[in-house]
file run36.pdb (PDB, C-alpha atoms)
ATOM      1  CA  MET A   1     -16.987 -32.516  -0.694  1.00  0.00           C
ATOM      2  CA  TYR A   2     -14.652 -29.711  -1.598  1.00  0.00           C
ATOM      3  CA  LYS A   3     -11.043 -29.323  -2.535  1.00  0.00           C
ATOM      4  CA  THR A   4      -8.808 -26.301  -2.138  1.00  0.00           C
ATOM      5  CA  THR A   5      -6.402 -25.105  -4.800  1.00  0.00           C
ATOM      6  CA  LYS A   6      -4.123 -22.115  -5.200  1.00  0.00           C
ATOM      7  CA  PHE A   7      -4.687 -19.949  -8.247  1.00  0.00           C
ATOM      8  CA  GLN A   8      -2.476 -17.237  -9.664  1.00  0.00           C
ATOM      9  CA  LYS A   9      -3.637 -14.584 -12.100  1.00  0.00           C
ATOM     10  CA  LEU A  10      -1.622 -11.873 -13.768  1.00  0.00           C
ATOM     11  CA  HIS A  11      -3.434  -8.519 -13.714  1.00  0.00           C
ATOM     12  CA  LYS A  12      -1.741  -5.372 -15.055  1.00  0.00           C
ATOM     13  CA  SER A  13       1.710  -6.829 -14.281  1.00  0.00           C
ATOM     14  CA  ARG A  14       0.692  -7.677 -10.698  1.00  0.00           C
ATOM     15  CA  LEU A  15       0.581 -11.313  -9.710  1.00  0.00           C
ATOM     16  CA  LEU A  16      -2.593 -11.890  -7.718  1.00  0.00           C
ATOM     17  CA  LYS A  17      -2.872 -15.020  -5.600  1.00  0.00           C
ATOM     18  CA  PHE A  18      -6.163 -16.611  -4.654  1.00  0.00           C
ATOM     19  CA  ASN A  19      -7.110 -19.605  -2.574  1.00  0.00           C
ATOM     20  CA  LEU A  20     -10.015 -21.247  -4.349  1.00  0.00           C
ATOM     21  CA  ILE A  21     -12.380 -23.865  -2.989  1.00  0.00           C
ATOM     22  CA  PHE A  22     -14.198 -26.114  -5.436  1.00  0.00           C
ATOM     23  CA  VAL A  23     -17.730 -26.715  -4.113  1.00  0.00           C
ATOM     24  CA  ALA A  24     -20.560 -28.360  -6.048  1.00  0.00           C
ATOM     25  CA  GLY A  25     -18.988 -27.595  -9.419  1.00  0.00           C
ATOM     26  CA  PHE A  26     -18.050 -23.972  -8.611  1.00  0.00           C
ATOM     27  CA  TYR A  27     -14.838 -22.297  -7.503  1.00  0.00           C
ATOM     28  CA  LEU A  28     -15.254 -19.925  -4.555  1.00  0.00           C
ATOM     29  CA  CYS A  29     -12.573 -17.415  -3.562  1.00  0.00           C
ATOM     30  CA  TYR A  30     -11.271 -18.066  -0.060  1.00  0.00           C
ATOM     31  CA  MET A  31      -9.156 -15.753   2.072  1.00  0.00           C
ATOM     32  CA  GLU A  32      -7.122 -17.247   4.852  1.00  0.00           C
ATOM     33  CA  PRO A  33      -8.367 -15.798   8.142  1.00  0.00           C
ATOM     34  CA  ILE A  34      -5.928 -14.039  10.457  1.00  0.00           C
ATOM     35  CA  THR A  35      -6.133 -13.526  14.183  1.00  0.00           C
ATOM     36  CA  TRP A  36      -6.497 -10.215  15.979  1.00  0.00           C
ATOM     37  CA  HIS A  37      -2.921 -10.748  17.181  1.00  0.00           C
ATOM     38  CA  ASP A  38      -1.765 -10.999  13.525  1.00  0.00           C
ATOM     39  CA  PHE A  39      -3.551  -7.738  12.681  1.00  0.00           C
ATOM     40  CA  GLU A  40      -2.015  -5.939  15.667  1.00  0.00           C
ATOM     41  CA  LYS A  41       1.471  -6.659  14.286  1.00  0.00           C
ATOM     42  CA  VAL A  42       0.846  -4.398  11.283  1.00  0.00           C
ATOM     43  CA  GLU A  43       1.807  -0.808  12.123  1.00  0.00           C
ATOM     44  CA  LEU A  44      -0.614   1.132   9.895  1.00  0.00           C
ATOM     45  CA  ARG A  45       0.042   4.764  10.779  1.00  0.00           C
ATOM     46  CA  ALA A  46      -1.226   8.179   9.691  1.00  0.00           C
ATOM     47  CA  GLY A  47       1.254  10.598   8.187  1.00  0.00           C
ATOM     48  CA  THR A  48       1.268  13.914   6.343  1.00  0.00           C
ATOM     49  CA  ILE A  49       3.019  14.241   2.991  1.00  0.00           C
ATOM     50  CA  LEU A  50       5.692  16.941   3.265  1.00  0.00           C
ATOM     51  CA  GLU A  51       7.418  16.639  -0.092  1.00  0.00           C
ATOM     52  CA  VAL A  52       6.993  14.817  -3.404  1.00  0.00           C
ATOM     53  CA  ALA A  53       9.717  14.313  -6.016  1.00  0.00           C
ATOM     54  CA  ASP A  54       9.898  12.650  -9.405  1.00  0.00           C
ATOM     55  CA  PHE A  55      11.504   9.198  -9.452  1.00  0.00           C
ATOM     56  CA  PRO A  56      12.806   8.736 -13.020  1.00  0.00           C
ATOM     57  CA  GLU A  57      15.008   5.763 -12.034  1.00  0.00           C
ATOM     58  CA  ALA A  58      11.975   3.623 -11.119  1.00  0.00           C
ATOM     59  CA  ARG A  59      10.931   0.967 -13.658  1.00  0.00           C
ATOM     60  CA  LYS A  60       7.298   2.121 -13.507  1.00  0.00           C
ATOM     61  CA  PRO A  61       6.218   5.771 -13.183  1.00  0.00           C
ATOM     62  CA  ALA A  62       6.460   6.724  -9.508  1.00  0.00           C
ATOM     63  CA  TYR A  63       7.061   9.526  -7.048  1.00  0.00           C
ATOM     64  CA  LYS A  64       9.308   9.670  -4.005  1.00  0.00           C
ATOM     65  CA  VAL A  65       7.206  10.870  -1.056  1.00  0.00           C
ATOM     66  CA  LYS A  66       8.449  12.287   2.244  1.00  0.00           C
ATOM     67  CA  VAL A  67       5.953  11.746   5.066  1.00  0.00           C
ATOM     68  CA  ASP A  68       5.838  12.978   8.673  1.00  0.00           C
ATOM     69  CA  PHE A  69       4.740  10.167  11.016  1.00  0.00           C
ATOM     70  CA  GLY A  70       4.934  12.262  14.212  1.00  0.00           C
ATOM     71  CA  GLU A  71       6.902  10.571  16.991  1.00  0.00           C
ATOM     72  CA  LEU A  72       7.967   7.855  14.526  1.00  0.00           C
ATOM     73  CA  GLY A  73       9.827  10.452  12.479  1.00  0.00           C
ATOM     74  CA  VAL A  74       9.960  11.521   8.861  1.00  0.00           C
ATOM     75  CA  LYS A  75      10.232   8.688   6.319  1.00  0.00           C
ATOM     76  CA  TRP A  76      10.563   8.367   2.545  1.00  0.00           C
ATOM     77  CA  SER A  77       8.844   5.908   0.237  1.00  0.00           C
ATOM     78  CA  SER A  78       8.232   5.299  -3.435  1.00  0.00           C
ATOM     79  CA  ALA A  79       4.666   5.270  -4.719  1.00  0.00           C
ATOM     80  CA  GLN A  80       3.264   4.399  -8.155  1.00  0.00           C
ATOM     81  CA  ILE A  81       0.547   7.065  -7.936  1.00  0.00           C
ATOM     82  CA  THR A  82       1.369   9.285 -10.913  1.00  0.00           C
ATOM     83  CA  LYS A  83      -1.832   8.441 -12.834  1.00  0.00           C
ATOM     84  CA  HIS A  84      -4.189  10.017 -10.290  1.00  0.00           C
ATOM     85  CA  TYR A  85      -2.090  12.683  -8.554  1.00  0.00           C
ATOM     86  CA  THR A  86       0.227  15.583  -9.311  1.00  0.00           C
ATOM     87  CA  LYS A  87       3.129  16.287  -6.990  1.00  0.00           C
ATOM     88  CA  GLU A  88       1.626  19.617  -5.967  1.00  0.00           C
ATOM     89  CA  GLU A  89      -1.763  18.262  -4.919  1.00  0.00           C
ATOM     90  CA  LEU A  90      -0.218  15.577  -2.691  1.00  0.00           C
ATOM     91  CA  VAL A  91       1.652  17.912  -0.332  1.00  0.00           C
ATOM     92  CA  GLY A  92      -0.312  18.315   2.910  1.00  0.00           C
ATOM     93  CA  LYS A  93      -2.491  15.215   2.411  1.00  0.00           C
ATOM     94  CA  GLN A  94      -2.727  12.688   5.240  1.00  0.00           C
ATOM     95  CA  ILE A  95      -2.207   9.099   4.144  1.00  0.00           C
ATOM     96  CA  MET A  96      -1.848   5.652   5.716  1.00  0.00           C
ATOM     97  CA  GLY A  97       1.447   3.809   5.640  1.00  0.00           C
ATOM     98  CA  VAL A  98       2.838   0.525   6.978  1.00  0.00           C
ATOM     99  CA  VAL A  99       5.888   1.617   8.966  1.00  0.00           C
ATOM    100  CA  ASN A 100       7.191  -1.688  10.339  1.00  0.00           C
ATOM    101  CA  PHE A 101       8.269  -3.399   7.112  1.00  0.00           C
ATOM    102  CA  PRO A 102      12.009  -3.594   6.559  1.00  0.00           C
ATOM    103  CA  LYS A 103      13.529  -0.969   4.271  1.00  0.00           C
ATOM    104  CA  LYS A 104      13.389  -1.943   0.598  1.00  0.00           C
ATOM    105  CA  GLN A 105      15.685  -0.813  -2.181  1.00  0.00           C
ATOM    106  CA  ILE A 106      13.885   0.404  -5.286  1.00  0.00           C
ATOM    107  CA  ALA A 107      16.374   1.363  -8.004  1.00  0.00           C
ATOM    108  CA  ASN A 108      18.856   3.695  -6.254  1.00  0.00           C
ATOM    109  CA  PHE A 109      16.422   4.609  -3.453  1.00  0.00           C
ATOM    110  CA  MET A 110      15.636   3.065  -0.031  1.00  0.00           C
ATOM    111  CA  SER A 111      11.912   2.956   0.730  1.00  0.00           C
ATOM    112  CA  GLU A 112      11.308   3.230   4.493  1.00  0.00           C
ATOM    113  CA  PHE A 113       7.578   2.456   4.630  1.00  0.00           C
ATOM    114  CA  LEU A 114       4.777   1.087   2.449  1.00  0.00           C
ATOM    115  CA  VAL A 115       2.329   3.618   1.026  1.00  0.00           C
ATOM    116  CA  THR A 116      -1.163   2.089   1.069  1.00  0.00           C
ATOM    117  CA  GLY A 117      -3.746   2.367  -1.668  1.00  0.00           C
ATOM    118  CA  LEU A 118      -6.277   0.523  -3.780  1.00  0.00           C
ATOM    119  CA  ALA A 119      -6.189  -0.351  -7.459  1.00  0.00           C
ATOM    120  CA  ASP A 120      -8.879   1.218  -9.628  1.00  0.00           C
ATOM    121  CA  GLU A 121     -10.527  -0.616 -12.556  1.00  0.00           C
ATOM    122  CA  HIS A 122      -7.383  -0.021 -14.669  1.00  0.00           C
ATOM    123  CA  GLY A 123      -4.911  -1.159 -12.002  1.00  0.00           C
ATOM    124  CA  ASP A 124      -3.806   2.406 -11.171  1.00  0.00           C
ATOM    125  CA  ILE A 125      -3.347   3.170  -7.480  1.00  0.00           C
ATOM    126  CA  VAL A 126      -5.686   5.417  -5.494  1.00  0.00           C
ATOM    127  CA  LEU A 127      -4.158   6.424  -2.153  1.00  0.00           C
ATOM    128  CA  THR A 128      -5.638   5.514   1.195  1.00  0.00           C
ATOM    129  CA  MET A 129      -6.249   9.025   2.569  1.00  0.00           C
ATOM    130  CA  ILE A 130      -7.690  10.314   5.825  1.00  0.00           C
ATOM    131  CA  ASP A 131     -10.711  12.602   5.441  1.00  0.00           C
ATOM    132  CA  LYS A 132     -10.483  14.338   8.861  1.00  0.00           C
ATOM    133  CA  PRO A 133      -7.154  15.362  10.462  1.00  0.00           C
ATOM    134  CA  VAL A 134      -5.634  13.060  13.086  1.00  0.00           C
ATOM    135  CA  PRO A 135      -2.259  13.370  14.830  1.00  0.00           C
ATOM    136  CA  ASN A 136       0.620  12.147  12.677  1.00  0.00           C
ATOM    137  CA  GLY A 137       1.704   8.687  13.842  1.00  0.00           C
ATOM    138  CA  SER A 138      -1.827   7.659  14.905  1.00  0.00           C
ATOM    139  CA  LYS A 139      -2.265   3.897  14.593  1.00  0.00           C
ATOM    140  CA  LEU A 140      -5.181   2.342  12.729  1.00  0.00           C
ATOM    141  CA  ILE A 141      -7.287   0.517  15.324  1.00  0.00           C
TER     142      ILE A 141
END

call {"tool": "encode", "arguments": {"input": "run36.pdb", "output": "structure tokens"}}
result
Amino acid sequence: MYKTTKFQKLHKSRLLKFNLIFVAGFYLCYMEPITWHDFEKVELRAGTILEVADFPEARKPAYKVKVDFGELGVKWSSAQITKHYTKEELVGKQIMGVVNFPKKQIANFMSEFLVTGLADEHGDIVLTMIDKPVPNGSKLI
């Protein structure tokens, strides 16, 4: 017998949500599976950073980044990546972004895509970068 419960944990001001299954006296983390069709809806695209600017109006330290996504155009986003990167070293890097989310207002700025990254052991974001050049706008497959 097992029962499923939802669990929320606050980590470095991020609310993490887990589905936990209780089996034989232990809680096991469970991720809800998605279909291939669900995955195909996410437009994860490659883009090259053209410009990086300070974003002092943001609640948490962040940059504004301008990224060229090829045929999809040039888009701006906000990214909390100031712990690991300087503005100068980011220009020219290829990153991955989700380009089909709706625009989101952050302070006085409209973010046009989601910059992707992973949290390190301290909760600071490390960018998802591409190690060999691909055409801007290439879709993750």

call {"tool": "resolve_selection", "arguments": {"input": "run36.pdb", "expression": "the PyMOL selection byres ((chain A and resi 133) around 12)", "output": "VMD selection string"}}
result
chain A and resid 46 to 48 92 to 95 129 to 132 134 to 138

call {"tool": "closest_residue", "arguments": {"input": "run36.pdb", "among": "A:Asn100, A:Thr35, A:Thr128, A:Thr116", "to": "A:Ala79", "atoms": "only C-alpha atoms"}}
result
A:Thr116

call {"tool": "atom_distance", "arguments": {"input": "run36.pdb", "atom1": "atom CA of A:Asp124", "atom2": "atom CA of A:Glu40"}}
result
28.2 Å

call {"tool": "resolve_selection", "arguments": {"input": "run36.pdb", "expression": "the PyMOL selection byres ((chain A and resi 51) around 10)", "output": "ChimeraX atom specification"}}
result
/A:48-50,52-53,63-68,76,87-88,90-92

call {"tool": "closest_residue", "arguments": {"input": "run36.pdb", "among": "A:Met110, A:Ile34, A:Leu44, A:Leu72", "to": "A:Ala58", "atoms": "only C-alpha atoms"}}
result
A:Met110

call {"tool": "atom_distance", "arguments": {"input": "run36.pdb", "atom1": "atom CA of A:Gln105", "atom2": "atom CA of A:Glu57"}}
result
11.9 Å

call {"tool": "residues_near_point", "arguments": {"input": "run36.pdb", "point": "(11.3, 3.9, 9.5)", "cutoff": "9 Å", "atoms": "only C-alpha atoms", "output": "count of residues only"}}
result
13

call {"tool": "atom_distance", "arguments": {"input": "run36.pdb", "atom1": "atom CA of A:Phe39", "atom2": "atom CA of A:Val98"}}
result
11.9 Å

call {"tool": "closest_residue", "arguments": {"input": "run36.pdb", "among": "A:Ile81, A:Ile106, A:Ile125, A:Leu114", "to": "A:Glu43", "atoms": "all atoms listed in the file"}}
result
A:Leu114

call {"tool": "closest_residue", "arguments": {"input": "run36.pdb", "among": "A:Phe109, A:Lys41, A:His122, A:Lys104", "to": "A:Lys139", "atoms": "only C-alpha atoms"}}
result
A:Lys41

call {"tool": "closest_residue", "arguments": {"input": "run36.pdb", "among": "A:Val42, A:Ile141, A:Ala62, A:Val115", "to": "A:Tyr85", "atoms": "all atoms listed in the file"}}
result
A:Ala62

call {"tool": "axis_aligned_box", "arguments": {"input": "run36.pdb", "around": "stretch 87-103 of chain A", "padding_each_side": "5 Å", "output": "JSON"}}
result
{"center_x": 5.4, "center_y": 8.0, "center_z": 1.7, "size_x": 26.3, "size_y": 33.2, "size_z": 27.3}
